[in-house]
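Participant: Supplied structure: data-v5.pdb, PDB, C-alpha atoms.
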```pdb
ATOM      1  CA  MET S   1     -31.853 -42.741 -37.039
ATOM      2  CA  LYS S   2     -28.532 -42.829 -35.220
ATOM      3  CA  THR S   3     -27.883 -39.140 -35.961
ATOM      4  CA  PHE S   4     -31.363 -38.251 -34.713
ATOM      5  CA  LEU S   5     -30.681 -40.011 -31.383
ATOM      6  CA  ILE S   6     -27.324 -38.232 -31.014
ATOM      7  CA  VAL S   7     -28.941 -34.837 -31.681
ATOM      8  CA  LEU S   8     -31.819 -35.681 -29.291
ATOM      9  CA  LEU S   9     -29.368 -36.800 -26.592
ATOM     10  CA  ALA S  10     -27.316 -33.612 -27.044
ATOM     11  CA  LEU S  11     -30.474 -31.507 -26.805
ATOM     12  CA  VAL S  12     -31.617 -33.277 -23.634
ATOM     13  CA  GLY S  13     -28.133 -32.893 -22.158
ATOM     14  CA  ALA S  14     -28.134 -29.177 -22.963
ATOM     15  CA  VAL S  15     -31.550 -28.728 -21.326
ATOM     16  CA  VAL S  16     -30.368 -30.583 -18.203
ATOM     17  CA  VAL S  17     -27.199 -28.478 -18.031
ATOM     18  CA  VAL S  18     -29.181 -25.245 -18.400
ATOM     19  CA  LYS S  19     -31.659 -26.385 -15.737
ATOM     20  CA  PHE S  20     -28.944 -27.290 -13.207
ATOM     21  CA  LEU S  21     -26.566 -24.431 -14.013
ATOM     22  CA  PRO S  22     -27.770 -22.179 -11.153
ATOM     23  CA  VAL S  23     -27.375 -25.040  -8.691
ATOM     24  CA  ALA S  24     -23.878 -25.745 -10.001
ATOM     25  CA  LEU S  25     -22.883 -22.058  -9.809
ATOM     26  CA  VAL S  26     -23.961 -21.567  -6.175
ATOM     27  CA  PRO S  27     -20.696 -22.978  -4.722
ATOM     28  CA  VAL S  28     -18.685 -20.848  -7.144
ATOM     29  CA  ILE S  29     -20.586 -17.711  -6.154
ATOM     30  CA  VAL S  30     -20.201 -18.525  -2.436
ATOM     31  CA  VAL S  31     -16.448 -19.121  -2.778
ATOM     32  CA  LEU S  32     -15.974 -15.922  -4.790
ATOM     33  CA  GLY S  33     -17.946 -13.979  -2.170
ATOM     34  CA  LEU S  34     -15.783 -15.380   0.622
ATOM     35  CA  LEU S  35     -12.619 -14.546  -1.296
ATOM     36  CA  LEU S  36     -13.893 -11.001  -1.815
ATOM     37  CA  VAL S  37     -14.603 -10.589   1.907
ATOM     38  CA  ILE S  38     -11.195 -12.022   2.877
ATOM     39  CA  GLY S  39      -9.465  -9.785   0.340
ATOM     40  CA  GLY S  40     -11.288  -6.757   1.713
ATOM     41  CA  LEU S  41     -10.234  -7.613   5.246
ATOM     42  CA  LEU S  42      -6.623  -8.105   4.195
ATOM     43  CA  ALA S  43      -6.612  -4.836   2.264
ATOM     44  CA  GLY S  44      -8.154  -3.059   5.248
ATOM     45  CA  GLY S  45      -5.506  -4.536   7.524
ATOM     46  CA  ALA S  46      -2.731  -3.470   5.156
ATOM     47  CA  ALA S  47      -4.194   0.041   5.012
ATOM     48  CA  ALA S  48      -4.297   0.163   8.812
ATOM     49  CA  ILE S  49      -0.644  -0.901   9.016
ATOM     50  CA  VAL S  50       0.382   1.744   6.470
ATOM     51  CA  ALA S  51      -1.578   4.390   8.385
ATOM     52  CA  ALA S  52       0.084   3.366  11.663
ATOM     53  CA  VAL S  53       3.561   3.539  10.111
ATOM     54  CA  LEU S  54       2.840   6.966   8.616
ATOM     55  CA  ALA S  55       1.541   8.195  11.970
ATOM     56  CA  LEU S  56       4.700   6.923  13.643
ATOM     57  CA  LEU S  57       6.905   8.699  11.094
ATOM     58  CA  VAL S  58       4.987  11.946  11.513
ATOM     59  CA  GLY S  59       5.342  11.643  15.273
ATOM     60  CA  LEU S  60       9.091  11.077  15.003
ATOM     61  CA  LEU S  61       9.492  14.051  12.676
ATOM     62  CA  ALA S  62       7.441  16.237  15.020
ATOM     63  CA  GLY S  63       9.579  15.102  17.948
ATOM     64  CA  GLY S  64      12.771  15.907  16.030
ATOM     65  CA  LEU S  65      11.461  19.340  15.121
ATOM     66  CA  ALA S  66      10.484  19.979  18.748
ATOM     67  CA  LEU S  67      13.992  18.952  19.835
ATOM     68  CA  LEU S  68      15.515  21.386  17.331
ATOM     69  CA  VAL S  69      13.308  24.184  18.620
ATOM     70  CA  ILE S  70      14.126  23.401  22.243
ATOM     71  CA  LEU S  71      17.876  23.273  21.580
ATOM     72  CA  ALA S  72      17.870  26.379  19.348
ATOM     73  CA  PRO S  73      19.393  28.617  22.066
ATOM     74  CA  ILE S  74      22.433  26.316  22.023
ATOM     75  CA  TRP S  75      22.968  25.368  18.376
ATOM     76  CA  ILE S  76      22.267  28.742  16.736
ATOM     77  CA  PRO S  77      25.102  30.597  18.585
ATOM     78  CA  VAL S  78      27.419  27.619  18.010
ATOM     79  CA  LEU S  79      26.566  27.732  14.305
ATOM     80  CA  VAL S  80      27.300  31.481  14.213
ATOM     81  CA  ILE S  81      30.683  30.966  15.897
ATOM     82  CA  VAL S  82      31.619  28.122  13.516
ATOM     83  CA  GLY S  83      30.594  30.276  10.544
ATOM     84  CA  LEU S  84      32.693  33.210  11.754
ATOM     85  CA  ILE S  85      35.723  30.976  12.260
ATOM     86  CA  ALA S  86      35.324  29.541   8.730
ATOM     87  CA  LEU S  87      34.984  33.069   7.302
ATOM     88  CA  ILE S  88      38.097  34.297   9.123
ATOM     89  CA  LYS S  89      40.111  31.257   7.986
ATOM     90  CA  ARG S  90      39.057  31.817   4.384
ATOM     91  CA  LEU S  91      39.936  35.515   4.539
ATOM     92  CA  ASN S  92      43.373  34.694   6.007
ATOM     93  CA  ALA S  93      43.972  32.056   3.311
ATOM     94  CA  ARG S  94      43.351  34.634   0.533
ATOM     95  CA  SER S  95      45.660  37.250   2.000
ATOM     96  CA  ALA S  96      48.569  34.828   2.403
TER      97      ALA S  96
END
```
Do you think you could lay out the structure here as structure tokens?
Facilitator:
Amino acid sequence: MKTFLIVLLALVGAVVVVKFLPVALVPVIVVLGLLLVIGGLLAGGAAAIVAAVLALLVGLLAGGLALLVILAPIWIPVLVIVGLIALIKRLNARSA
């Protein structure tokens, strides 16, 4: 008789647990949903920061390229003169 009562009590307990399982899982589902929303917002914020940094880098590179183009009338002749001087020095070093 004692075993029958234990089995009956376990069966009743299982039925109660199955009946109240959806009610017990509601807080878990709500918390997981909130964590998912917060994670999405954080990931979106991180993506926005990465996009802003990349835009800043592209802007700086474009500005540097524009500066090189603007100063080309100065640095190209200077580069030619420096190259000619290096070539003449090397030719004089071989003949000596």
Participant: Could you write out as AutoDock Vina command-line options the box around region 69-72 of chain S (axis-aligned, all atoms listed in the file, 5 Å on each side), with centre and edge lengths in Å to one decimal?
Facilitator:
```
--center_x 15.6 --center_y 24.8 --center_z 20.4 --size_x 14.6 --size_y 13.1 --size_z 13.6
```
Participant: Just to confirm, what's the straight-line distance from CA of Pro77 (chain S) to CA of Arg90 (chain S) in Å (one decimal)?
Facilitator: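 Atom-to-atom, CA of Pro77 (chain S) and CA of Arg90 (chain S) are spaced 19.9 Å apart.
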Participant: Just how far from CA of Ile85 (chain S) is CA of Leu71 (chain S), in Å to one decimal?
Facilitator: 21.6 Å
Participant: Quick check, in Å to one decimal: how far apart do CA of Ala10 (chain S) and CA of Val26 (chain S) lie?
Facilitator: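 Interatomic distance, CA of Ala10 (chain S) to CA of Val26 (chain S): 24.3 Å.
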Participant: Using the atoms already present, construct N, CA and C atoms for region 35-66 of chain S and hand them back as a compact mmCIF listing (two decimals), in the coordinates of the input.
Facilitator:
```txt
# COMPACT_ATOMS: atom_id res chain seq x y z
N LEU S 35 -13.92 -15.09 -0.90
CA LEU S 35 -12.62 -14.55 -1.30
C LEU S 35 -12.65 -13.02 -1.34
N LEU S 36 -13.75 -12.45 -1.78
CA LEU S 36 -13.89 -11.00 -1.82
C LEU S 36 -13.88 -10.42 -0.40
N VAL S 37 -14.59 -11.06 0.52
CA VAL S 37 -14.60 -10.59 1.91
C VAL S 37 -13.21 -10.71 2.53
N ILE S 38 -12.55 -11.83 2.32
CA ILE S 38 -11.20 -12.02 2.88
C ILE S 38 -10.22 -11.01 2.28
N GLY S 39 -10.32 -10.79 0.98
CA GLY S 39 -9.46 -9.78 0.34
C GLY S 39 -9.71 -8.40 0.88
N GLY S 40 -10.96 -8.06 1.12
CA GLY S 40 -11.29 -6.76 1.71
C GLY S 40 -10.71 -6.61 3.11
N LEU S 41 -10.80 -7.67 3.90
CA LEU S 41 -10.23 -7.61 5.25
C LEU S 41 -8.72 -7.47 5.21
N LEU S 42 -8.08 -8.21 4.31
CA LEU S 42 -6.62 -8.10 4.20
C LEU S 42 -6.21 -6.72 3.72
N ALA S 43 -6.93 -6.17 2.76
CA ALA S 43 -6.61 -4.84 2.26
C ALA S 43 -6.83 -3.80 3.35
N GLY S 44 -7.90 -3.97 4.13
CA GLY S 44 -8.15 -3.06 5.25
C GLY S 44 -7.06 -3.15 6.30
N GLY S 45 -6.60 -4.37 6.57
CA GLY S 45 -5.51 -4.54 7.52
C GLY S 45 -4.22 -3.91 7.02
N ALA S 46 -3.94 -4.07 5.72
CA ALA S 46 -2.73 -3.47 5.16
C ALA S 46 -2.83 -1.96 5.21
N ALA S 47 -4.02 -1.41 4.94
CA ALA S 47 -4.19 0.04 5.01
C ALA S 47 -4.00 0.54 6.44
N ALA S 48 -4.47 -0.24 7.42
CA ALA S 48 -4.30 0.16 8.81
C ALA S 48 -2.82 0.15 9.20
N ILE S 49 -2.08 -0.84 8.71
CA ILE S 49 -0.64 -0.90 9.02
C ILE S 49 0.08 0.28 8.38
N VAL S 50 -0.25 0.60 7.14
CA VAL S 50 0.38 1.74 6.47
C VAL S 50 0.06 3.03 7.21
N ALA S 51 -1.18 3.19 7.65
CA ALA S 51 -1.58 4.39 8.38
C ALA S 51 -0.83 4.48 9.71
N ALA S 52 -0.65 3.36 10.39
CA ALA S 52 0.08 3.37 11.66
C ALA S 52 1.55 3.74 11.45
N VAL S 53 2.16 3.21 10.39
CA VAL S 53 3.56 3.54 10.11
C VAL S 53 3.71 5.01 9.77
N LEU S 54 2.79 5.54 8.96
CA LEU S 54 2.84 6.97 8.62
C LEU S 54 2.64 7.84 9.86
N ALA S 55 1.75 7.44 10.73
CA ALA S 55 1.54 8.20 11.97
C ALA S 55 2.80 8.17 12.84
N LEU S 56 3.47 7.02 12.88
CA LEU S 56 4.70 6.92 13.64
C LEU S 56 5.78 7.82 13.06
N LEU S 57 5.91 7.83 11.74
CA LEU S 57 6.90 8.70 11.09
C LEU S 57 6.61 10.17 11.34
N VAL S 58 5.35 10.55 11.25
CA VAL S 58 4.99 11.95 11.51
C VAL S 58 5.29 12.31 12.96
N GLY S 59 5.03 11.40 13.87
CA GLY S 59 5.34 11.64 15.27
C GLY S 59 6.83 11.81 15.50
N LEU S 60 7.64 10.95 14.86
CA LEU S 60 9.09 11.08 15.00
C LEU S 60 9.61 12.39 14.42
N LEU S 61 9.08 12.78 13.27
CA LEU S 61 9.49 14.05 12.68
C LEU S 61 9.08 15.23 13.55
N ALA S 62 7.89 15.17 14.13
CA ALA S 62 7.44 16.24 15.02
C ALA S 62 8.31 16.29 16.27
N GLY S 63 8.68 15.13 16.78
CA GLY S 63 9.58 15.10 17.95
C GLY S 63 10.95 15.68 17.62
N GLY S 64 11.48 15.34 16.44
CA GLY S 64 12.77 15.91 16.03
C GLY S 64 12.71 17.41 15.86
N LEU S 65 11.63 17.90 15.28
CA LEU S 65 11.46 19.34 15.12
C LEU S 65 11.34 20.03 16.48
N ALA S 66 10.60 19.42 17.40
CA ALA S 66 10.48 19.98 18.75
C ALA S 66 11.85 20.01 19.45
```
